[in-house]
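Text of the file entry_31.cif, holding mmCIF, C-alpha atoms (C1' of nucleotides):
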```cif
data_run
loop_
_atom_site.label_atom_id
_atom_site.label_comp_id
_atom_site.auth_asym_id
_atom_site.auth_seq_id
_atom_site.Cartn_x
_atom_site.Cartn_y
_atom_site.Cartn_z
CA MET A 7 69.46 126.03 75.52
CA THR A 8 65.89 126.99 76.30
CA SER A 9 64.71 123.41 75.95
CA LYS A 10 62.61 121.83 78.66
CA ASN A 11 64.52 118.60 78.18
CA ALA A 12 65.11 117.17 81.66
CA THR A 13 68.34 115.47 80.68
CA SER A 14 70.30 118.54 79.70
CA LEU A 15 73.92 117.88 80.40
CA SER A 16 74.47 120.33 83.20
CA ALA A 17 71.54 119.24 85.30
CA ARG A 18 70.98 115.52 84.99
CA TRP A 19 71.63 113.27 87.95
CA LEU A 20 74.07 110.37 87.88
CA THR A 21 72.84 106.98 86.69
CA ALA A 22 73.08 104.12 89.16
CA SER A 23 76.12 102.81 87.38
CA GLU A 24 77.84 106.17 87.23
CA LEU A 25 77.19 106.63 90.92
CA GLU A 26 78.67 103.22 91.68
CA ALA A 27 81.80 103.96 89.69
CA TRP A 28 82.17 107.34 91.29
CA ARG A 29 81.58 106.20 94.86
CA SER A 30 83.82 103.19 94.67
CA PHE A 31 86.58 105.39 93.31
CA ILE A 32 86.22 108.04 95.97
CA VAL A 33 85.93 105.53 98.81
CA VAL A 34 88.92 103.52 97.70
CA SER A 35 91.08 106.54 97.17
CA ARG A 36 90.35 107.73 100.68
CA ARG A 37 90.91 104.33 102.24
CA VAL A 38 94.12 103.75 100.36
CA TRP A 39 95.44 107.12 101.43
CA GLU A 40 94.45 106.50 105.00
CA ALA A 41 96.04 103.03 105.05
CA LEU A 42 99.31 104.22 103.57
CA ASP A 43 99.41 107.14 105.91
CA GLY A 44 98.89 104.82 108.85
CA ASP A 45 101.52 102.41 107.58
CA LEU A 46 104.04 105.26 107.42
CA ALA A 47 103.31 106.45 110.94
CA GLY A 48 105.88 104.01 112.28
CA HIS A 49 108.51 106.07 110.51
CA ASP A 50 107.18 109.35 111.87
CA LEU A 51 106.06 110.43 108.43
CA SER A 52 102.73 111.36 106.93
CA LEU A 53 102.11 110.29 103.35
CA SER A 54 102.25 113.86 102.18
CA ASP A 55 105.56 114.48 103.92
CA TYR A 56 106.82 111.28 102.36
CA GLU A 57 105.91 112.63 98.95
CA ILE A 58 107.77 115.85 99.56
CA LEU A 59 110.88 113.90 100.48
CA ALA A 60 110.43 111.47 97.60
CA HIS A 61 110.31 114.24 95.01
CA LEU A 62 113.28 115.92 96.56
CA SER A 63 115.25 112.68 96.64
CA GLU A 64 114.76 112.19 92.93
CA ALA A 65 115.68 115.72 91.93
CA PRO A 66 119.16 116.62 90.66
CA ASP A 67 121.37 117.37 93.67
CA ARG A 68 118.37 116.53 95.82
CA MET A 69 117.25 120.13 95.68
CA MET A 70 114.21 121.85 94.18
CA ARG A 71 112.69 125.28 93.96
CA MET A 72 109.87 125.63 96.47
CA SER A 73 107.23 126.26 93.81
CA ASP A 74 108.22 123.29 91.70
CA LEU A 75 108.21 121.07 94.74
CA ALA A 76 104.80 122.35 95.79
CA ALA A 77 103.42 121.66 92.33
CA GLN A 78 104.81 118.15 92.18
CA ALA A 79 103.74 117.27 95.69
CA ILE A 80 100.31 118.78 94.92
CA MET A 81 100.04 121.31 97.71
CA SER A 82 99.84 125.05 98.11
CA ARG A 83 103.03 127.07 98.38
CA SER A 84 101.95 128.12 101.81
CA ARG A 85 101.46 124.61 103.02
CA LEU A 86 104.80 123.50 101.68
CA SER A 87 106.50 126.43 103.31
CA HIS A 88 105.08 125.50 106.71
CA ARG A 89 105.97 121.86 106.20
CA ILE A 90 109.54 122.67 105.17
CA THR A 91 109.88 124.74 108.33
CA VAL A 92 108.97 121.67 110.35
CA MET A 93 111.25 119.36 108.39
CA GLU A 94 114.05 121.84 108.71
CA LYS A 95 113.73 121.60 112.48
CA ALA A 96 113.87 117.83 112.15
CA GLY A 97 117.10 118.27 110.19
CA TRP A 98 115.83 116.58 107.02
CA VAL A 99 116.05 119.56 104.69
CA LYS A 100 117.61 123.00 104.55
CA ARG A 101 116.60 126.11 102.69
CA GLN A 102 119.05 127.71 100.32
CA SER A 103 118.48 130.94 98.46
CA CYS A 104 118.54 130.94 94.69
CA PRO A 105 121.42 132.86 93.15
CA THR A 106 119.71 133.61 89.82
CA ASP A 107 116.34 134.67 91.18
CA LYS A 108 116.57 136.55 94.41
CA ARG A 109 112.95 135.92 95.28
CA GLY A 110 113.45 132.21 94.97
CA SER A 111 114.61 129.56 97.36
CA PHE A 112 115.54 125.93 97.21
CA ALA A 113 114.64 123.12 99.51
CA VAL A 114 117.69 120.88 99.83
CA MET A 115 117.60 117.41 101.30
CA THR A 116 120.23 116.67 103.93
CA THR A 117 121.95 113.35 104.53
CA LYS A 118 119.72 112.90 107.52
CA GLY A 119 116.68 113.43 105.31
CA TRP A 120 118.00 110.92 102.81
CA ASN A 121 118.49 108.42 105.59
CA ALA A 122 114.97 109.01 106.85
CA ILE A 123 113.34 108.34 103.50
CA SER A 124 115.65 105.42 102.76
CA ALA A 125 114.56 103.82 105.99
CA ALA A 126 110.88 104.31 105.20
CA ALA A 127 110.91 103.41 101.51
CA PRO A 128 110.95 99.59 101.67
CA ASP A 129 108.03 99.50 104.08
CA HIS A 130 106.21 102.03 101.97
CA VAL A 131 106.61 99.91 98.86
CA THR A 132 105.33 96.90 100.71
CA SER A 133 102.43 99.01 101.83
CA ILE A 134 101.60 100.12 98.26
CA ARG A 135 101.62 96.52 97.14
CA HIS A 136 99.59 95.28 100.06
CA ARG A 137 96.98 98.04 99.99
CA PHE A 138 96.61 98.42 96.26
CA MET A 139 98.76 96.78 93.58
CA GLU A 140 98.40 93.28 94.89
CA HIS A 141 94.65 93.30 94.24
CA LEU A 142 95.00 94.20 90.56
CA THR A 143 95.55 91.77 87.73
CA GLN A 144 98.16 92.70 85.15
CA SER A 145 95.49 93.90 82.79
CA GLU A 146 93.66 95.86 85.46
CA GLN A 147 96.92 97.51 86.30
CA SER A 148 97.40 98.69 82.76
CA SER A 149 93.79 99.89 82.57
CA ILE A 150 94.36 101.99 85.66
CA GLU A 151 97.52 103.40 84.22
CA LYS A 152 95.89 104.27 80.92
CA ILE A 153 92.69 105.71 82.38
CA PHE A 154 94.27 107.79 85.10
CA LYS A 155 96.98 109.18 82.89
CA LYS A 156 94.26 110.40 80.57
CA VAL A 157 92.10 111.85 83.33
CA GLY A 158 95.20 113.45 84.81
CA GLU A 159 95.86 115.29 81.55
CA HIS A 160 92.32 116.59 81.41
CA LEU A 161 92.55 117.81 84.98
CA ARG A 162 95.80 119.57 84.28
CA GLU A 163 94.18 121.40 81.38
CA GLN A 164 91.26 122.42 83.57
CA GLU A 165 93.48 123.95 86.29
CA GLY A 166 91.02 126.03 88.30
CA LEU A 167 88.02 125.49 86.03
CA MET B 6 112.55 82.70 103.72
CA THR B 7 116.29 82.62 104.17
CA SER B 8 116.87 82.88 100.45
CA LYS B 9 119.17 85.54 99.07
CA ASN B 10 116.75 86.09 96.19
CA ALA B 11 116.58 89.84 95.62
CA THR B 12 113.01 89.75 94.40
CA SER B 13 111.38 88.41 97.54
CA LEU B 14 107.87 89.76 97.76
CA SER B 15 108.27 91.97 100.78
CA ALA B 16 111.33 93.79 99.56
CA ARG B 17 111.21 94.25 95.82
CA TRP B 18 110.79 97.69 94.37
CA LEU B 19 107.98 98.67 92.01
CA THR B 20 108.46 98.09 88.30
CA ALA B 21 108.27 101.13 86.03
CA SER B 22 104.79 100.17 85.01
CA GLU B 23 103.59 99.56 88.56
CA LEU B 24 104.99 102.90 89.58
CA GLU B 25 103.20 104.62 86.71
CA ALA B 26 99.90 103.02 87.61
CA TRP B 27 100.33 103.87 91.26
CA ARG B 28 101.41 107.46 90.74
CA SER B 29 98.74 108.29 88.21
CA PHE B 30 96.14 106.92 90.59
CA ILE B 31 97.38 108.83 93.58
CA VAL B 32 97.84 112.07 91.66
CA VAL B 33 94.41 111.90 90.07
CA SER B 34 92.66 111.06 93.28
CA ARG B 35 94.21 114.08 94.97
CA ARG B 36 93.46 116.39 92.10
CA VAL B 37 89.91 115.21 91.76
CA TRP B 38 89.32 115.68 95.47
CA GLU B 39 90.85 119.13 95.36
CA ALA B 40 88.80 120.16 92.34
CA LEU B 41 85.52 118.95 93.81
CA ASP B 42 86.29 120.59 97.09
CA GLY B 43 86.99 123.85 95.32
CA ASP B 44 83.83 123.56 93.25
CA LEU B 45 81.80 123.17 96.45
CA ALA B 46 83.33 126.18 98.13
CA GLY B 47 80.71 128.38 96.49
CA HIS B 48 78.14 126.62 98.64
CA ASP B 49 80.22 127.01 101.82
CA LEU B 50 80.82 123.29 101.99
CA SER B 51 83.91 121.15 101.98
CA LEU B 52 83.68 117.84 100.15
CA SER B 53 83.88 115.95 103.39
CA ASP B 54 81.08 117.98 104.94
CA TYR B 55 79.07 117.35 101.79
CA GLU B 56 79.54 113.64 102.27
CA ILE B 57 78.35 113.80 105.85
CA LEU B 58 75.20 115.57 104.74
CA ALA B 59 74.73 113.27 101.76
CA HIS B 60 74.79 110.14 103.91
CA LEU B 61 72.46 111.73 106.39
CA SER B 62 70.06 112.81 103.68
CA GLU B 63 69.77 109.24 102.41
CA ALA B 64 69.23 107.66 105.80
CA PRO B 65 65.75 106.75 107.10
CA ASP B 66 64.31 109.81 108.82
CA ARG B 67 67.49 111.61 107.82
CA MET B 68 69.13 110.52 111.04
CA MET B 69 72.04 108.24 111.85
CA ARG B 70 74.03 107.06 114.83
CA MET B 71 77.29 108.97 115.10
CA SER B 72 79.44 105.88 114.69
CA ASP B 73 77.64 104.66 111.62
CA LEU B 74 77.86 108.07 110.05
CA ALA B 75 81.56 108.28 110.83
CA ALA B 76 82.14 104.87 109.25
CA GLN B 77 80.21 105.74 106.10
CA ALA B 78 81.76 109.14 105.71
CA ILE B 79 85.18 107.56 106.33
CA MET B 80 86.35 109.65 109.24
CA SER B 81 87.22 109.18 112.89
CA ARG B 82 84.51 109.48 115.51
CA SER B 83 86.38 112.39 116.97
CA ARG B 84 86.51 114.26 113.71
CA LEU B 85 82.85 113.70 113.05
CA SER B 86 81.97 114.89 116.51
CA HIS B 87 83.84 118.15 115.98
CA ARG B 88 82.31 118.59 112.55
CA ILE B 89 78.79 117.97 113.82
CA THR B 90 79.35 120.60 116.48
CA VAL B 91 80.12 123.10 113.73
CA MET B 92 77.19 122.04 111.58
CA GLU B 93 74.93 122.23 114.57
CA LYS B 94 75.90 125.87 114.99
CA ALA B 95 75.09 126.40 111.31
CA GLY B 96 71.67 124.89 112.00
CA TRP B 97 72.05 122.03 109.52
CA VAL B 98 71.87 119.15 111.98
CA LYS B 99 70.88 118.49 115.56
CA ARG B 100 72.00 115.87 118.02
CA GLN B 101 69.44 113.61 119.58
CA SER B 102 70.15 111.04 122.24
CA CYS B 103 69.39 107.41 121.56
CA PRO B 104 66.59 105.93 123.68
CA THR B 105 67.75 102.30 123.45
CA ASP B 106 71.45 102.88 124.09
CA LYS B 107 72.13 105.62 126.54
CA ARG B 108 75.71 106.04 125.39
CA GLY B 109 74.57 106.64 121.86
CA SER B 110 73.48 109.70 119.97
CA PHE B 111 71.98 110.47 116.62
CA ALA B 112 72.83 113.17 114.15
CA VAL B 113 69.58 114.42 112.66
CA MET B 114 69.38 116.57 109.57
CA THR B 115 67.22 119.69 109.86
CA THR B 116 65.14 121.26 107.11
CA LYS B 117 67.77 123.90 106.82
CA GLY B 118 70.40 121.20 106.32
CA TRP B 119 68.26 119.56 103.69
CA ASN B 120 67.92 122.86 101.90
CA ALA B 121 71.66 123.40 102.03
CA ILE B 122 72.51 120.09 100.43
CA SER B 123 69.68 120.36 97.93
CA ALA B 124 71.08 123.67 96.80
CA ALA B 125 74.57 122.25 96.41
CA ALA B 126 73.75 118.90 94.84
CA PRO B 127 73.14 119.90 91.20
CA ASP B 128 76.40 121.82 91.01
CA HIS B 129 78.17 118.96 92.70
CA VAL B 130 76.88 116.48 90.14
CA THR B 131 78.02 118.75 87.34
CA SER B 132 81.35 118.92 89.05
CA ILE B 133 81.68 115.12 89.28
CA ARG B 134 80.92 114.85 85.58
CA HIS B 135 83.22 117.62 84.58
CA ARG B 136 86.16 116.55 86.74
CA PHE B 137 85.89 112.83 86.30
CA MET B 138 83.05 110.93 84.62
CA GLU B 139 83.14 112.92 81.43
CA HIS B 140 86.65 111.72 80.64
CA LEU B 141 85.76 108.03 80.85
CA THR B 142 84.33 105.92 78.05
CA GLN B 143 81.47 103.65 78.93
CA SER B 144 83.79 100.68 79.15
CA GLU B 145 86.36 102.54 81.22
CA GLN B 146 83.60 103.48 83.57
CA SER B 147 82.66 99.88 84.11
CA SER B 148 86.29 98.88 84.56
CA ILE B 149 86.64 101.47 87.28
CA GLU B 150 83.50 100.26 88.94
CA LYS B 151 84.61 96.63 88.86
CA ILE B 152 88.20 97.22 89.91
CA PHE B 153 87.49 99.62 92.74
CA LYS B 154 84.67 97.58 94.16
CA LYS B 155 87.03 94.67 94.37
CA VAL B 156 89.88 96.69 95.90
CA GLY B 157 87.40 98.21 98.31
CA GLU B 158 86.42 94.79 99.58
CA HIS B 159 90.02 93.82 100.17
CA LEU B 160 90.66 97.03 102.06
CA ARG B 161 87.62 96.45 104.21
CA GLU B 162 88.91 93.02 105.14
CA GLN B 163 92.31 94.44 105.99
CA GLU B 164 90.94 97.08 108.38
CA GLY B 165 93.98 98.19 110.35
CA LEU B 166 96.39 95.67 108.86
"C1'" DT C 28 74.44 90.29 140.47
"C1'" DA C 29 78.70 91.81 139.81
"C1'" DC C 30 82.81 92.64 137.32
"C1'" DA C 31 86.04 93.20 133.52
"C1'" DA C 32 86.34 94.41 129.08
"C1'" DG C 33 84.82 96.72 125.47
"C1'" DT C 34 81.77 100.33 122.85
"C1'" DA C 35 79.81 105.21 122.00
"C1'" DG C 36 80.77 109.57 122.08
"C1'" DT C 37 83.02 113.85 123.59
"C1'" DT C 38 86.70 116.89 124.91
"C1'" DG C 39 90.96 119.85 125.02
"C1'" DA C 40 95.49 120.37 123.58
"C1'" DA C 41 98.81 119.89 120.07
"C1'" DT C 42 99.43 119.92 115.20
"C1'" DC C 43 98.38 120.87 110.66
"C1'" DT C 44 96.11 123.42 106.88
"C1'" DT C 45 94.00 127.36 104.75
"C1'" DC C 46 93.46 132.04 103.79
"C1'" DA C 47 94.58 136.56 102.97
"C1'" DA C 48 97.96 139.75 103.49
"C1'" DC C 49 102.59 141.20 102.81
"C1'" DT C 50 107.56 141.70 101.11
"C1'" DT C 51 110.72 141.27 97.68
"C1'" DC C 52 111.97 140.71 93.27
"C1'" DT C 53 111.42 139.89 87.95
"C1'" DC C 54 109.84 141.07 83.56
"C1'" DG C 55 107.72 143.40 79.67
"C1'" DG C 56 106.74 147.56 77.76
"C1'" DT C 57 107.59 152.38 77.02
"C1'" DA D 3 115.87 153.77 83.19
"C1'" DC D 4 111.23 153.38 85.00
"C1'" DC D 5 106.73 151.72 85.93
"C1'" DG D 6 103.09 148.36 86.73
"C1'" DA D 7 101.72 143.73 86.74
"C1'" DG D 8 102.57 139.61 88.30
"C1'" DA D 9 105.59 135.65 90.41
"C1'" DA D 10 108.10 133.52 94.60
"C1'" DG D 11 107.95 132.83 99.04
"C1'" DT D 12 106.71 133.66 103.88
"C1'" DT D 13 103.86 134.83 107.71
"C1'" DG D 14 100.23 134.91 111.39
"C1'" DA D 15 95.72 134.09 112.54
"C1'" DA D 16 91.69 131.34 112.01
"C1'" DG D 17 89.91 127.08 111.33
"C1'" DA D 18 90.30 121.93 110.90
"C1'" DT D 19 92.17 117.45 112.32
"C1'" DT D 20 94.50 114.21 115.25
"C1'" DC D 21 95.60 112.13 119.46
"C1'" DA D 22 95.10 110.53 123.86
"C1'" DA D 23 92.39 110.83 127.70
"C1'" DC D 24 87.98 110.58 129.85
"C1'" DT D 25 82.89 109.66 131.06
"C1'" DA D 26 79.13 106.85 130.65
"C1'" DC D 27 77.11 102.93 129.39
"C1'" DT D 28 76.57 97.90 127.63
"C1'" DT D 29 77.76 93.15 127.30
"C1'" DG D 30 79.50 88.71 128.22
"C1'" DT D 31 80.61 85.74 131.72
"C1'" DA D 32 81.28 83.60 136.07
#
```
Since I need it in another form, could you write the structure as structure tokens?
Amino acid sequence: MTSKNATSLSARWLTASELEAWRSFIVVSRRVWEALDGDLAGHDLSLSDYEILAHLSEAPDRMMRMSDLAAQAIMSRSRLSHRITVMEKAGWVKRQSCPTDKRGSFAVMTTKGWNAISAAAPDHVTSIRHRFMEHLTQSEQSSIEKIFKKVGEHLREQEGL
Amino acid sequence: MTSKNATSLSARWLTASELEAWRSFIVVSRRVWEALDGDLAGHDLSLSDYEILAHLSEAPDRMMRMSDLAAQAIMSRSRLSHRITVMEKAGWVKRQSCPTDKRGSFAVMTTKGWNAISAAAPDHVTSIRHRFMEHLTQSEQSSIEKIFKKVGEHLREQEGL
DNA sequence: TACAAGTAGTTGAATCTTCAACTTCTCGGT
DNA sequence: ACCGAGAAGTTGAAGATTCAACTACTTGTA
């Protein structure tokens, strides 16, 4: 604790190799996001709106509680609320109040919303392949899956430090 | 081309395993970004502002042409321009016009800017370790480095489709 | 040299996101 | 039954980002 050791865990800099791994990860994740977002623009969707609709489309009855949807789509409740307001105007979703918890409300996908995501999905899949999957060997793909699942669990445990 | 084969490259859906790999990647990259961004908030910096300053701090004379900086920090020229305006008000950078190309301008880091990033850097490194590196074995780290460097090259070649 | 096309950078308006209230309701304890 | 703490969701304002002009300049070419 009181050691003068310059390599104490909390303070040491990244090695060249760590820095490379980190930077290539962060750069690729931004570029992939950007590319997919751009590819979806033709369908008048951002990637994060697509994810909202995708989660909703997979939920039972195509409806979810706002908080659950926010958690799955990885955004704040506030942000989701604003976004649902916009999508509601577009006619893709509706809000419905929850009978068992009067504070609660559901986001419910409409037929029009279902049609919108159905129209975008095939292009989006092509985009995922073209921007990412296609450049991975089978074994790289399973490394990614294994590594990121693990890191994901750690991050979930850390929730806000 | 005219085949009825349902698995034609452009149209086939993702396999369960592809979907897992893809989703874990996209979820982790968002969560990592979010966590690092939150960790930097104590220094009044967003992660993307940090990256602007980091690139600037590593450049010769701590100055860069706006376009080069935008490309390295992975953002539009417009966005960078707005951000530099804000940072200029904070006293972290200055603009300087380019003598050899009269259209051009440089972003130049000030001493105050250098102090700001110097103050944030150690915490940021700890944050990178804690949110990401720490959960990777040595061999996973080199896989990440190898895979993402490769994907990064492909993405660079694709630039806008 | 002169022109068309393209590059560098900025700007303002429209949109989107964050942040901190704020309301309404649930739940556990007493 | 009541109280206090906390959860669900929304809101408006402030701040950030995108988008499409727009100015100013450079470059290739005829």
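Closest approach to chain A among B:Phe111, B:Trp97, B:Tyr55, B:Phe30: B:Phe30, based on all atoms listed in the file.
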Quiz item: Once you count all atoms listed in the file, which residues of chain C turn out to be within 12 Å of chain A? Could you give them as a list in words?
Solution: DT42, DC43, DT44, DT45, DC46, DA47, DT50, DT51, DC52, DT53 and DC54 of chain C
Quiz prompt | Output of the PyMOL selection byres ((chain D and resi 5) around 10), listed as JSON, numbers by chain | solution = {"C": [56, 57], "D": [3, 4, 6, 7]}
Practice problem: For chain D, list the residues within 12 Å of chain A, counting only C-alpha atoms (C1' of nucleotides), and write the list as a PyMOL selection string. | Solution: chain D and resi 9-14
Exercise. May I have the protein, DNA and RNA residues with an atom at most 9 Å from (91.8, 115.5, 90.3), counting only C-alpha atoms (C1' of nucleotides) in the file's coordinates, returned as a PyMOL selection string?
Key: (chain A and resi 157-158+160-162) or (chain B and resi 32-41+136-137)
Counting all atoms listed in the file, give me one row per residue of chain B with an atom at most 6 Å from an atom of chain A, showing the shortest contact pair and its distance in Å to one decimal, sorted by chain then residue number, as CSV.
```
residue,atom,partner,partner_atom,distance
B:Ser15,CA,A:Thr132,CA,5.7
B:Ala26,CA,A:Glu151,CA,4.2
B:Ser29,CA,A:Phe154,CA,5.5
B:Phe30,CA,A:Phe154,CA,5.9
B:Val33,CA,A:Gly158,CA,5.5
B:Thr131,CA,A:Ser16,CA,5.7
B:Ile149,CA,A:Ala27,CA,6.0
B:Glu150,CA,A:Ala27,CA,4.1
B:Phe153,CA,A:Ser30,CA,5.5
B:Lys154,CA,A:Ser30,CA,5.7
B:Gly157,CA,A:Val34,CA,5.6
```
Enclose all atoms of range 36-49 of chain C listed in the file in an axis-aligned box, grow every side by 6 Å, and hand back centre and edge lengths in Å to one decimal, as JSON.
```
{"center_x": 91.7, "center_y": 125.4, "center_z": 113.9, "size_x": 33.8, "size_y": 43.6, "size_z": 34.2}
```
Written as a compact mmCIF listing (two decimals) with C-alpha atoms (C1' of nucleotides), keeping the file's coordinate frame, what is the full residue list that the PyMOL selection byres ((chain D and resi 22) around 12) yields on the file shown?
```
# COMPACT_ATOMS: atom_id res chain seq x y z
CA SER B 83 86.38 112.39 116.97
C1' DT C 38 86.70 116.89 124.91
C1' DG C 39 90.96 119.85 125.02
C1' DA C 40 95.49 120.37 123.58
C1' DA C 41 98.81 119.89 120.07
C1' DT D 20 94.50 114.21 115.25
C1' DC D 21 95.60 112.13 119.46
C1' DA D 23 92.39 110.83 127.70
C1' DC D 24 87.98 110.58 129.85
```
Exercise. Might you spell out which residues the PyMOL selection byres ((chain A and resi 96) around 12) would select in the displayed file, as a VMD selection string?
Key: chain A and resid 50 to 51 89 to 95 97 to 100 115 to 119 122
Quiz item: Could you state the separation of CA of Val114 in chain A and CA of Pro66 in chain A in Å, given to one decimal place?
Solution: 10.2 Å
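You will find CA of Glu63 in chain B at 10.5 Å from CA of Trp119 in chain B.
Straight-line separation from CA of Ala75 in chain B to C1' of DA18 in chain D: 16.2 Å.
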Quiz item: Can you tell me, as a PyMOL selection string, what residues are no more than 12 Å from DG30 in chain D when counting only C-alpha atoms (C1' of nucleotides), ignoring any on the same chain fewer than 2 positions away?
Solution: (chain C and resi 30-33) or (chain D and resi 28+32)
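If all atoms listed in the file are the atoms counted, then among B:Ala112, B:Ala125, B:Leu85, B:Ala46 the closest residue to Leu61 in chain B is B:Ala112.
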Could you rebuild range 85-99 of chain B with N, CA and C atoms and give me the result as an mmCIF file, keeping the file's coordinate frame?
```cif
data_model
loop_
_atom_site.group_PDB
_atom_site.id
_atom_site.type_symbol
_atom_site.label_atom_id
_atom_site.label_comp_id
_atom_site.auth_asym_id
_atom_site.auth_seq_id
_atom_site.Cartn_x
_atom_site.Cartn_y
_atom_site.Cartn_z
ATOM 1 N N LEU B 85 84.267 113.491 113.309
ATOM 2 C CA LEU B 85 82.850 113.700 113.050
ATOM 3 C C LEU B 85 82.211 114.518 114.161
ATOM 4 N N SER B 86 82.559 114.184 115.373
ATOM 5 C CA SER B 86 81.970 114.890 116.510
ATOM 6 C C SER B 86 82.246 116.399 116.425
ATOM 7 N N HIS B 87 83.495 116.735 116.136
ATOM 8 C CA HIS B 87 83.840 118.150 115.980
ATOM 9 C C HIS B 87 83.059 118.782 114.823
ATOM 10 N N ARG B 88 82.984 118.046 113.714
ATOM 11 C CA ARG B 88 82.310 118.590 112.550
ATOM 12 C C ARG B 88 80.804 118.789 112.807
ATOM 13 N N ILE B 89 80.210 117.843 113.527
ATOM 14 C CA ILE B 89 78.790 117.970 113.820
ATOM 15 C C ILE B 89 78.545 119.170 114.734
ATOM 16 N N THR B 90 79.466 119.417 115.631
ATOM 17 C CA THR B 90 79.350 120.600 116.480
ATOM 18 C C THR B 90 79.278 121.877 115.630
ATOM 19 N N VAL B 91 80.128 121.937 114.623
ATOM 20 C CA VAL B 91 80.120 123.100 113.730
ATOM 21 C C VAL B 91 78.816 123.184 112.944
ATOM 22 N N MET B 92 78.405 122.059 112.388
ATOM 23 C CA MET B 92 77.190 122.040 111.580
ATOM 24 C C MET B 92 75.946 122.326 112.418
ATOM 25 N N GLU B 93 76.035 121.962 113.663
ATOM 26 C CA GLU B 93 74.930 122.230 114.570
ATOM 27 C C GLU B 93 74.786 123.749 114.757
ATOM 28 N N LYS B 94 75.927 124.412 114.873
ATOM 29 C CA LYS B 94 75.900 125.870 114.990
ATOM 30 C C LYS B 94 75.345 126.518 113.723
ATOM 31 N N ALA B 95 75.623 125.886 112.578
ATOM 32 C CA ALA B 95 75.090 126.400 111.310
ATOM 33 C C ALA B 95 73.607 126.075 111.158
ATOM 34 N N GLY B 96 73.090 125.223 112.044
ATOM 35 C CA GLY B 96 71.670 124.890 112.000
ATOM 36 C C GLY B 96 71.310 123.796 110.999
ATOM 37 N N TRP B 97 72.307 123.045 110.529
ATOM 38 C CA TRP B 97 72.050 122.030 109.520
ATOM 39 C C TRP B 97 71.682 120.677 110.120
ATOM 40 N N VAL B 98 72.172 120.410 111.308
ATOM 41 C CA VAL B 98 71.870 119.150 111.980
ATOM 42 C C VAL B 98 71.618 119.430 113.465
ATOM 43 N N LYS B 99 71.031 118.442 114.113
ATOM 44 C CA LYS B 99 70.880 118.490 115.560
ATOM 45 C C LYS B 99 71.343 117.151 116.111
#
```
